[in-house]
file entry-v2.pdb (PDB, C-alpha atoms, pLDDT in the B column)
ATOM      1  CA  MET A   1      -3.815 -16.242 -19.464  1.00 46.00           C
ATOM      2  CA  GLN A   2      -2.763 -12.748 -18.395  1.00 52.00           C
ATOM      3  CA  GLU A   3       0.520 -12.340 -16.560  1.00 61.00           C
ATOM      4  CA  ARG A   4       0.319 -13.740 -13.048  1.00 77.00           C
ATOM      5  CA  ALA A   5       2.726 -14.825 -10.326  1.00 85.00           C
ATOM      6  CA  LEU A   6       2.219 -18.377 -11.654  1.00 88.00           C
ATOM      7  CA  GLN A   7       4.624 -17.550 -14.475  1.00 86.00           C
ATOM      8  CA  HIS A   8       7.405 -17.272 -11.906  1.00 87.00           C
ATOM      9  CA  VAL A   9       6.842 -20.762 -10.462  1.00 90.00           C
ATOM     10  CA  THR A  10       9.888 -22.806 -11.456  1.00 87.00           C
ATOM     11  CA  SER A  11       8.565 -26.235 -10.388  1.00 87.00           C
ATOM     12  CA  LEU A  12       5.276 -26.081 -12.291  1.00 87.00           C
ATOM     13  CA  ALA A  13       3.962 -29.417 -13.595  1.00 83.00           C
ATOM     14  CA  THR A  14       1.631 -29.333 -16.589  1.00 84.00           C
ATOM     15  CA  ILE A  15      -0.796 -32.234 -16.961  1.00 83.00           C
ATOM     16  CA  THR A  16      -2.726 -32.429 -20.216  1.00 79.00           C
ATOM     17  CA  THR A  17      -5.810 -34.625 -20.590  1.00 76.00           C
ATOM     18  CA  ILE A  18      -6.849 -35.839 -24.022  1.00 67.00           C
ATOM     19  CA  GLY A  19      -9.900 -38.022 -23.681  1.00 58.00           C
ATOM     20  CA  ASP A  20      -9.165 -40.721 -21.104  1.00 57.00           C
ATOM     21  CA  ALA A  21      -5.390 -40.532 -21.577  1.00 58.00           C
ATOM     22  CA  PRO A  22      -3.812 -37.921 -19.272  1.00 60.00           C
ATOM     23  CA  ILE A  23      -0.253 -36.949 -20.132  1.00 66.00           C
ATOM     24  CA  THR A  24       2.145 -34.985 -17.955  1.00 65.00           C
ATOM     25  CA  TRP A  25       4.672 -32.722 -19.587  1.00 58.00           C
ATOM     26  CA  ARG A  26       7.731 -32.576 -17.365  1.00 55.00           C
ATOM     27  CA  MET A  27      10.119 -30.750 -19.682  1.00 47.00           C
ATOM     28  CA  PRO A  28       9.988 -29.216 -23.155  1.00 45.00           C
ATOM     29  CA  PHE A  29       9.791 -31.966 -25.797  1.00 49.00           C
ATOM     30  CA  SER A  30       9.328 -34.609 -23.100  1.00 55.00           C
ATOM     31  CA  GLN A  31       6.101 -36.260 -22.017  1.00 64.00           C
ATOM     32  CA  MET A  32       4.943 -39.268 -19.998  1.00 68.00           C
ATOM     33  CA  ARG A  33       1.633 -41.085 -19.891  1.00 71.00           C
ATOM     34  CA  ILE A  34       0.002 -41.305 -16.456  1.00 71.00           C
ATOM     35  CA  ASP A  35      -1.267 -44.696 -15.341  1.00 71.00           C
ATOM     36  CA  LEU A  36      -2.578 -44.606 -11.765  1.00 73.00           C
ATOM     37  CA  THR A  37      -3.675 -48.254 -11.807  1.00 73.00           C
ATOM     38  CA  ARG A  38      -0.148 -49.680 -11.632  1.00 74.00           C
ATOM     39  CA  SER A  39       1.399 -49.479  -8.173  1.00 73.00           C
ATOM     40  CA  HIS A  40       5.003 -49.078  -9.333  1.00 73.00           C
ATOM     41  CA  ARG A  41       4.003 -46.329 -11.755  1.00 71.00           C
ATOM     42  CA  ARG A  42       1.861 -44.654  -9.082  1.00 75.00           C
ATOM     43  CA  ALA A  43       4.813 -44.554  -6.661  1.00 79.00           C
ATOM     44  CA  TYR A  44       7.035 -43.031  -9.334  1.00 76.00           C
ATOM     45  CA  LEU A  45       4.435 -40.380 -10.152  1.00 78.00           C
ATOM     46  CA  ASP A  46       3.981 -39.580  -6.450  1.00 82.00           C
ATOM     47  CA  GLY A  47       7.694 -38.849  -6.292  1.00 79.00           C
ATOM     48  CA  LEU A  48       7.531 -36.520  -9.271  1.00 76.00           C
ATOM     49  CA  LEU A  49       4.488 -34.749  -7.891  1.00 82.00           C
ATOM     50  CA  SER A  50       6.151 -34.163  -4.517  1.00 84.00           C
ATOM     51  CA  ASP A  51       8.633 -31.870  -6.273  1.00 82.00           C
ATOM     52  CA  SER A  52       5.894 -29.726  -7.813  1.00 88.00           C
ATOM     53  CA  THR A  53       4.781 -26.418  -6.334  1.00 91.00           C
ATOM     54  CA  ALA A  54       1.764 -25.946  -8.595  1.00 91.00           C
ATOM     55  CA  ILE A  55       0.004 -27.747 -11.429  1.00 88.00           C
ATOM     56  CA  ALA A  56      -1.484 -26.476 -14.665  1.00 86.00           C
ATOM     57  CA  LEU A  57      -4.234 -28.944 -15.581  1.00 83.00           C
ATOM     58  CA  VAL A  58      -5.152 -28.585 -19.254  1.00 78.00           C
ATOM     59  CA  SER A  59      -8.148 -30.265 -20.905  1.00 72.00           C
ATOM     60  CA  ARG A  60      -8.003 -30.560 -24.684  1.00 63.00           C
ATOM     61  CA  LEU A  61     -10.971 -32.864 -25.148  1.00 54.00           C
ATOM     62  CA  ASN A  62     -13.408 -29.977 -24.800  1.00 51.00           C
ATOM     63  CA  GLU A  63     -13.851 -26.926 -22.615  1.00 48.00           C
ATOM     64  CA  GLN A  64     -15.628 -28.719 -19.774  1.00 49.00           C
ATOM     65  CA  ALA A  65     -13.964 -29.104 -16.376  1.00 47.00           C
ATOM     66  CA  ASP A  66     -15.417 -32.598 -15.927  1.00 51.00           C
ATOM     67  CA  ALA A  67     -13.422 -33.805 -18.945  1.00 54.00           C
ATOM     68  CA  THR A  68     -10.596 -34.614 -16.512  1.00 65.00           C
ATOM     69  CA  PRO A  69     -10.760 -38.255 -15.312  1.00 74.00           C
ATOM     70  CA  GLN A  70     -12.036 -38.525 -11.730  1.00 79.00           C
ATOM     71  CA  ALA A  71      -9.163 -40.799 -10.675  1.00 79.00           C
ATOM     72  CA  LEU A  72      -6.714 -38.088 -11.668  1.00 83.00           C
ATOM     73  CA  ARG A  73      -8.659 -35.442  -9.752  1.00 83.00           C
ATOM     74  CA  ASP A  74      -8.812 -37.614  -6.636  1.00 87.00           C
ATOM     75  CA  TRP A  75      -5.067 -38.210  -6.822  1.00 87.00           C
ATOM     76  CA  LEU A  76      -4.230 -34.520  -7.146  1.00 89.00           C
ATOM     77  CA  ARG A  77      -6.708 -33.470  -4.446  1.00 88.00           C
ATOM     78  CA  GLN A  78      -4.631 -35.221  -1.773  1.00 89.00           C
ATOM     79  CA  ASP A  79      -1.936 -32.526  -1.897  1.00 93.00           C
ATOM     80  CA  PHE A  80      -3.296 -29.697  -4.048  1.00 95.00           C
ATOM     81  CA  ARG A  81      -6.192 -27.248  -3.977  1.00 94.00           C
ATOM     82  CA  ASN A  82      -8.072 -25.905  -6.993  1.00 93.00           C
ATOM     83  CA  CYS A  83      -7.424 -22.204  -7.558  1.00 94.00           C
ATOM     84  CA  GLY A  84      -9.745 -21.642 -10.494  1.00 90.00           C
ATOM     85  CA  THR A  85     -10.187 -22.144 -14.221  1.00 85.00           C
ATOM     86  CA  PHE A  86      -8.853 -19.841 -16.920  1.00 79.00           C
ATOM     87  CA  THR A  87      -8.963 -19.536 -20.694  1.00 71.00           C
ATOM     88  CA  ASP A  88      -6.748 -17.769 -23.190  1.00 61.00           C
ATOM     89  CA  GLN A  89      -5.845 -17.913 -26.853  1.00 55.00           C
ATOM     90  CA  PHE A  90      -3.447 -20.815 -26.291  1.00 55.00           C
ATOM     91  CA  GLU A  91      -5.321 -23.036 -23.829  1.00 56.00           C
ATOM     92  CA  PRO A  92      -9.149 -23.237 -24.009  1.00 61.00           C
ATOM     93  CA  HIS A  93      -9.401 -24.752 -20.527  1.00 74.00           C
ATOM     94  CA  LEU A  94      -6.699 -24.479 -17.863  1.00 81.00           C
ATOM     95  CA  GLU A  95      -7.122 -25.206 -14.169  1.00 88.00           C
ATOM     96  CA  VAL A  96      -4.535 -24.004 -11.672  1.00 92.00           C
ATOM     97  CA  LEU A  97      -3.806 -26.134  -8.612  1.00 93.00           C
ATOM     98  CA  LEU A  98      -1.593 -25.094  -5.707  1.00 95.00           C
ATOM     99  CA  ARG A  99      -0.232 -27.018  -2.749  1.00 95.00           C
ATOM    100  CA  GLN A 100      -2.570 -27.262   0.228  1.00 95.00           C
ATOM    101  CA  GLY A 101      -1.995 -24.679   2.943  1.00 95.00           C
ATOM    102  CA  TYR A 102      -1.116 -21.786   0.634  1.00 97.00           C
ATOM    103  CA  PRO A 103      -3.473 -19.016  -0.559  1.00 97.00           C
ATOM    104  CA  CYS A 104      -4.266 -19.061  -4.274  1.00 96.00           C
ATOM    105  CA  GLU A 105      -3.431 -15.372  -4.542  1.00 95.00           C
ATOM    106  CA  LEU A 106       0.228 -16.304  -4.077  1.00 95.00           C
ATOM    107  CA  VAL A 107       0.329 -17.648  -7.658  1.00 94.00           C
ATOM    108  CA  LEU A 108      -2.692 -15.872  -9.184  1.00 93.00           C
ATOM    109  CA  SER A 109      -1.778 -12.286  -8.298  1.00 93.00           C
ATOM    110  CA  ARG A 110      -1.510 -10.006 -11.338  1.00 89.00           C
ATOM    111  CA  ARG A 111       0.845  -7.715  -9.401  1.00 90.00           C
ATOM    112  CA  PRO A 112       3.270 -10.075  -7.654  1.00 93.00           C
ATOM    113  CA  ALA A 113       5.949  -8.678  -5.355  1.00 91.00           C
ATOM    114  CA  LEU A 114       8.825  -9.498  -7.708  1.00 93.00           C
ATOM    115  CA  VAL A 115      12.223  -8.718  -6.206  1.00 97.00           C
ATOM    116  CA  ASP A 116      15.691  -9.435  -7.604  1.00 97.00           C
ATOM    117  CA  TYR A 117      18.405  -9.531  -4.944  1.00 98.00           C
ATOM    118  CA  ASP A 118      22.067  -8.817  -5.625  1.00 97.00           C
ATOM    119  CA  ASN A 119      23.011 -12.229  -4.186  1.00 96.00           C
ATOM    120  CA  GLY A 120      21.191 -13.995  -7.051  1.00 96.00           C
ATOM    121  CA  ALA A 121      17.942 -14.699  -5.195  1.00 97.00           C
ATOM    122  CA  ARG A 122      14.586 -13.848  -6.741  1.00 97.00           C
ATOM    123  CA  LEU A 123      11.373 -13.443  -4.774  1.00 97.00           C
ATOM    124  CA  GLY A 124       8.465 -14.360  -7.058  1.00 95.00           C
ATOM    125  CA  ASN A 125       5.754 -13.180  -4.683  1.00 96.00           C
ATOM    126  CA  LEU A 126       4.978 -12.615  -1.020  1.00 97.00           C
ATOM    127  CA  LEU A 127       1.730 -12.351   0.933  1.00 97.00           C
ATOM    128  CA  LEU A 128       1.314 -11.040   4.469  1.00 97.00           C
ATOM    129  CA  GLU A 129      -1.998 -11.775   6.197  1.00 96.00           C
ATOM    130  CA  SER A 130      -3.283 -10.914   9.671  1.00 95.00           C
ATOM    131  CA  ALA A 131      -5.938 -12.654  11.780  1.00 92.00           C
ATOM    132  CA  ASP A 132      -6.459 -13.124  15.529  1.00 89.00           C
ATOM    133  CA  ALA A 133      -3.190 -11.377  16.507  1.00 92.00           C
ATOM    134  CA  THR A 134      -1.256 -13.755  14.253  1.00 96.00           C
ATOM    135  CA  LEU A 135       0.605 -12.841  11.081  1.00 97.00           C
ATOM    136  CA  ARG A 136       0.854 -15.353   8.241  1.00 97.00           C
ATOM    137  CA  LEU A 137       3.747 -14.898   5.851  1.00 97.00           C
ATOM    138  CA  PHE A 138       3.794 -16.782   2.528  1.00 98.00           C
ATOM    139  CA  PHE A 139       6.796 -16.812   0.188  1.00 98.00           C
ATOM    140  CA  LEU A 140       7.140 -17.877  -3.437  1.00 97.00           C
ATOM    141  CA  TRP A 141      10.860 -18.033  -4.254  1.00 96.00           C
ATOM    142  CA  SER A 142      12.106 -18.440  -7.831  1.00 94.00           C
ATOM    143  CA  ARG A 143      15.870 -18.505  -7.212  1.00 94.00           C
ATOM    144  CA  PHE A 144      18.164 -18.935  -4.227  1.00 96.00           C
ATOM    145  CA  PRO A 145      21.634 -17.626  -3.342  1.00 94.00           C
ATOM    146  CA  GLU A 146      24.579 -19.983  -2.930  1.00 93.00           C
ATOM    147  CA  ASP A 147      25.255 -19.018   0.691  1.00 95.00           C
ATOM    148  CA  THR A 148      22.823 -19.379   3.581  1.00 97.00           C
ATOM    149  CA  HIS A 149      20.618 -16.330   4.036  1.00 98.00           C
ATOM    150  CA  SER A 150      17.855 -15.304   6.417  1.00 98.00           C
ATOM    151  CA  PHE A 151      14.953 -12.897   6.310  1.00 98.00           C
ATOM    152  CA  SER A 152      13.677 -10.483   8.921  1.00 98.00           C
ATOM    153  CA  LEU A 153      10.042  -9.361   9.042  1.00 98.00           C
ATOM    154  CA  GLN A 154       9.768  -6.109  10.957  1.00 98.00           C
ATOM    155  CA  LEU A 155       6.746  -4.121  12.089  1.00 98.00           C
ATOM    156  CA  ILE A 156       7.140  -0.388  12.593  1.00 97.00           C
ATOM    157  CA  GLY A 157       4.848   1.487  14.981  1.00 95.00           C
ATOM    158  CA  ALA A 158       3.300   4.941  14.745  1.00 88.00           C
ATOM    159  CA  HIS A 159       6.426   6.655  16.086  1.00 89.00           C
ATOM    160  CA  GLY A 160       8.730   5.055  13.529  1.00 92.00           C
ATOM    161  CA  LYS A 161      10.246   2.535  15.932  1.00 94.00           C
ATOM    162  CA  ARG A 162      10.473  -1.209  15.400  1.00 96.00           C
ATOM    163  CA  VAL A 163       7.977  -2.996  17.630  1.00 97.00           C
ATOM    164  CA  LEU A 164       8.339  -6.542  16.289  1.00 97.00           C
ATOM    165  CA  GLY A 165      11.081  -8.516  14.587  1.00 97.00           C
ATOM    166  CA  TYR A 166      10.795 -12.071  13.285  1.00 98.00           C
ATOM    167  CA  ASP A 167      13.830 -13.798  11.738  1.00 98.00           C
ATOM    168  CA  GLN A 168      14.132 -17.171  10.021  1.00 98.00           C
ATOM    169  CA  VAL A 169      16.597 -18.935   7.745  1.00 97.00           C
ATOM    170  CA  ILE A 170      15.497 -19.102   4.098  1.00 97.00           C
ATOM    171  CA  ASP A 171      15.205 -22.763   3.108  1.00 95.00           C
ATOM    172  CA  ARG A 172      15.805 -23.813  -0.480  1.00 94.00           C
ATOM    173  CA  LYS A 173      12.090 -24.423  -1.017  1.00 94.00           C
ATOM    174  CA  GLU A 174      10.002 -22.542  -3.541  1.00 95.00           C
ATOM    175  CA  LEU A 175       7.008 -22.330  -1.188  1.00 96.00           C
ATOM    176  CA  GLN A 176       7.532 -21.321   2.441  1.00 97.00           C
ATOM    177  CA  SER A 177       5.095 -20.174   5.128  1.00 97.00           C
ATOM    178  CA  PHE A 178       5.488 -18.829   8.653  1.00 98.00           C
ATOM    179  CA  ARG A 179       3.260 -17.900  11.605  1.00 97.00           C
ATOM    180  CA  VAL A 180       4.241 -14.871  13.664  1.00 97.00           C
ATOM    181  CA  ASP A 181       2.746 -14.263  17.107  1.00 96.00           C
ATOM    182  CA  ALA A 182       1.839 -10.573  17.370  1.00 96.00           C
ATOM    183  CA  SER A 183      -0.374 -10.858  20.463  1.00 95.00           C
ATOM    184  CA  ALA A 184       1.980  -8.652  22.513  1.00 95.00           C
ATOM    185  CA  LEU A 185       1.188  -5.667  20.285  1.00 96.00           C
ATOM    186  CA  PRO A 186      -1.864  -3.427  20.745  1.00 95.00           C
ATOM    187  CA  PRO A 187      -4.463  -3.336  17.946  1.00 94.00           C
ATOM    188  CA  GLY A 188      -3.737  -0.858  15.187  1.00 94.00           C
ATOM    189  CA  ASP A 189      -1.951  -0.284  11.893  1.00 95.00           C
ATOM    190  CA  TYR A 190       1.728  -1.059  11.433  1.00 97.00           C
ATOM    191  CA  ASP A 191       4.193  -0.696   8.585  1.00 97.00           C
ATOM    192  CA  ALA A 192       5.708  -4.029   7.531  1.00 98.00           C
ATOM    193  CA  ARG A 193       9.205  -4.345   6.103  1.00 98.00           C
ATOM    194  CA  LEU A 194      11.253  -7.258   4.801  1.00 98.00           C
ATOM    195  CA  ILE A 195      15.027  -7.544   5.062  1.00 98.00           C
ATOM    196  CA  VAL A 196      17.108 -10.348   3.536  1.00 98.00           C
ATOM    197  CA  TYR A 197      20.598 -10.759   4.983  1.00 98.00           C
ATOM    198  CA  ASN A 198      23.587 -13.101   4.898  1.00 97.00           C
ATOM    199  CA  TYR A 199      23.300 -15.558   7.779  1.00 97.00           C
ATOM    200  CA  ALA A 200      27.050 -15.589   8.536  1.00 97.00           C
ATOM    201  CA  THR A 201      27.942 -11.923   8.079  1.00 97.00           C
ATOM    202  CA  ARG A 202      24.542 -10.416   9.021  1.00 97.00           C
ATOM    203  CA  LYS A 203      24.995  -8.035   6.085  1.00 97.00           C
ATOM    204  CA  SER A 204      21.746  -6.892   4.437  1.00 98.00           C
ATOM    205  CA  VAL A 205      21.290  -7.720   0.754  1.00 98.00           C
ATOM    206  CA  PRO A 206      20.329  -4.896  -1.630  1.00 98.00           C
ATOM    207  CA  GLY A 207      18.190  -5.481  -4.691  1.00 98.00           C
ATOM    208  CA  THR A 208      15.626  -4.189  -7.162  1.00 98.00           C
ATOM    209  CA  ILE A 209      11.822  -4.230  -7.118  1.00 96.00           C
ATOM    210  CA  ILE A 210      11.235  -5.437 -10.672  1.00 93.00           C
ATOM    211  CA  ARG A 211       7.843  -3.895 -11.389  1.00 89.00           C
ATOM    212  CA  SER A 212       8.852  -0.350 -10.415  1.00 93.00           C
ATOM    213  CA  GLY A 213      12.584  -0.588 -11.081  1.00 95.00           C
ATOM    214  CA  LEU A 214      13.176   0.850  -7.604  1.00 95.00           C
ATOM    215  CA  GLU A 215      16.537  -0.100  -6.111  1.00 97.00           C
ATOM    216  CA  PHE A 216      16.934  -0.531  -2.360  1.00 97.00           C
ATOM    217  CA  GLN A 217      19.905  -1.045  -0.083  1.00 96.00           C
ATOM    218  CA  ARG A 218      18.372  -2.787   2.912  1.00 95.00           C
ATOM    219  CA  GLU A 219      14.625  -3.328   3.097  1.00 97.00           C
ATOM    220  CA  VAL A 220      11.456  -3.759   1.061  1.00 97.00           C
ATOM    221  CA  ASP A 221       8.321  -1.931   2.169  1.00 96.00           C
ATOM    222  CA  LEU A 222       5.437  -4.432   2.375  1.00 96.00           C
ATOM    223  CA  GLY A 223       2.817  -1.800   3.133  1.00 95.00           C
ATOM    224  CA  SER A 224       0.498  -1.544   6.104  1.00 95.00           C
ATOM    225  CA  VAL A 225      -0.850  -4.434   8.161  1.00 96.00           C
ATOM    226  CA  THR A 226      -3.712  -4.149  10.666  1.00 95.00           C
ATOM    227  CA  LEU A 227      -3.806  -6.013  13.972  1.00 95.00           C
ATOM    228  CA  GLU A 228      -7.234  -6.354  15.578  1.00 88.00           C
TER
END
call {"tool": "encode", "arguments": {"input": "entry-v2.pdb", "output": "structure tokens"}}
result
Amino acid sequence: MQERALQHVTSLATITTIGDAPITWRMPFSQMRIDLTRSHRRAYLDGLLSDSTAIALVSRLNEQADATPQALRDWLRQDFRNCGTFTDQFEPHLEVLLRQGYPCELVLSRRPALVDYDNGARLGNLLLESADATLRLFFLWSRFPEDTHSFSLQLIGAHGKRVLGYDQVIDRKELQSFRVDASALPPGDYDARLIVYNYATRKSVPGTIIRSGLEFQREVDLGSVTLE
């Protein structure tokens, strides 16, 4: 599969199905057979799955999607959505599943917003969506700093002045989403910017946009967002 944001997901579980015997690969050189019929095993697997951000579901019986046992699909469907099927030279049939409530583009994007911060944090991708005077902000974090940090989403109006600021603490969760009420702003186009700062000192964190190599001291330009 071509490079995608999925490659920057640190808590990715890979489940491989071979005939009727699905196997989950948790770590390199380590594997465990899935048995959903035993209650104690099911509870243990539920715990493991709760720590997963996304799942790579690989079928090695043949190249048909329905080769995956239905019981396994029903189990995964409770918390994950199907984001499509892909093939490459290594895996003839690979389905990508992502936690419910997050857009597939967050892990499927071929041009993720990769940012390395000087405090050790890494942003794997970010999506900003707008609908009905509400902004939706989706984060995919790959690494976190030791100290508590926050982010600030800022909208800049036509005259270069900040017209909206939304701040939240960054939790130590790979996937994070936020709703921002922008109903007080008139319809139009706004420039969106992201600032990460130390929660205690309020000092902005510089970093590097990996794809372009561009270094910044305070903020990352997220492009234009339209409010209707």
call {"tool": "closest_residue", "arguments": {"input": "entry-v2.pdb", "among": "A:Gln168, A:Gln70, A:Gln176, A:Gln154", "to": "Val220 (chain A)", "atoms": "all atoms listed in the file"}}
result
A:Gln154
call {"tool": "resolve_selection", "arguments": {"input": "entry-v2.pdb", "expression": "the PyMOL selection byres ((chain A and resi 99-116) around 8)", "output": "PyMOL selection string"}}
result
chain A and resi 2-6+9+53-54+79-81+83+97-98+117-118+120-127+138-140+177+207-211
call {"tool": "closest_residue", "arguments": {"input": "entry-v2.pdb", "among": "A:Gly84, A:Val163, A:Leu222, A:Asp35", "to": "Pro186 (chain A)", "atoms": "all atoms listed in the file"}}
result
A:Val163
call {"tool": "closest_residue", "arguments": {"input": "entry-v2.pdb", "among": "A:Ser50, A:Ser59, A:Asn82, A:Gln217", "to": "Thr16 (chain A)", "atoms": "all atoms listed in the file"}}
result
A:Ser59
call {"tool": "resolve_selection", "arguments": {"input": "entry-v2.pdb", "expression": "the PyMOL selection byres ((chain A and resi 172) around 9)", "output": "list in words"}}
result
Trp141, Arg143, Phe144, Pro145, Ile170, Asp171, Lys173, Glu174 and Leu175 of chain A
call {"tool": "resolve_selection", "arguments": {"input": "entry-v2.pdb", "expression": "the PyMOL selection byres ((chain A and resi 11) around 7)", "output": "compact mmCIF listing (two decimals) with C-alpha atoms, in the coordinates of the input"}}
result
# COMPACT_ATOMS: atom_id res chain seq x y z
CA VAL A 9 6.84 -20.76 -10.46
CA THR A 10 9.89 -22.81 -11.46
CA LEU A 12 5.28 -26.08 -12.29
CA ALA A 13 3.96 -29.42 -13.60
CA ASP A 51 8.63 -31.87 -6.27
CA SER A 52 5.89 -29.73 -7.81
CA THR A 53 4.78 -26.42 -6.33
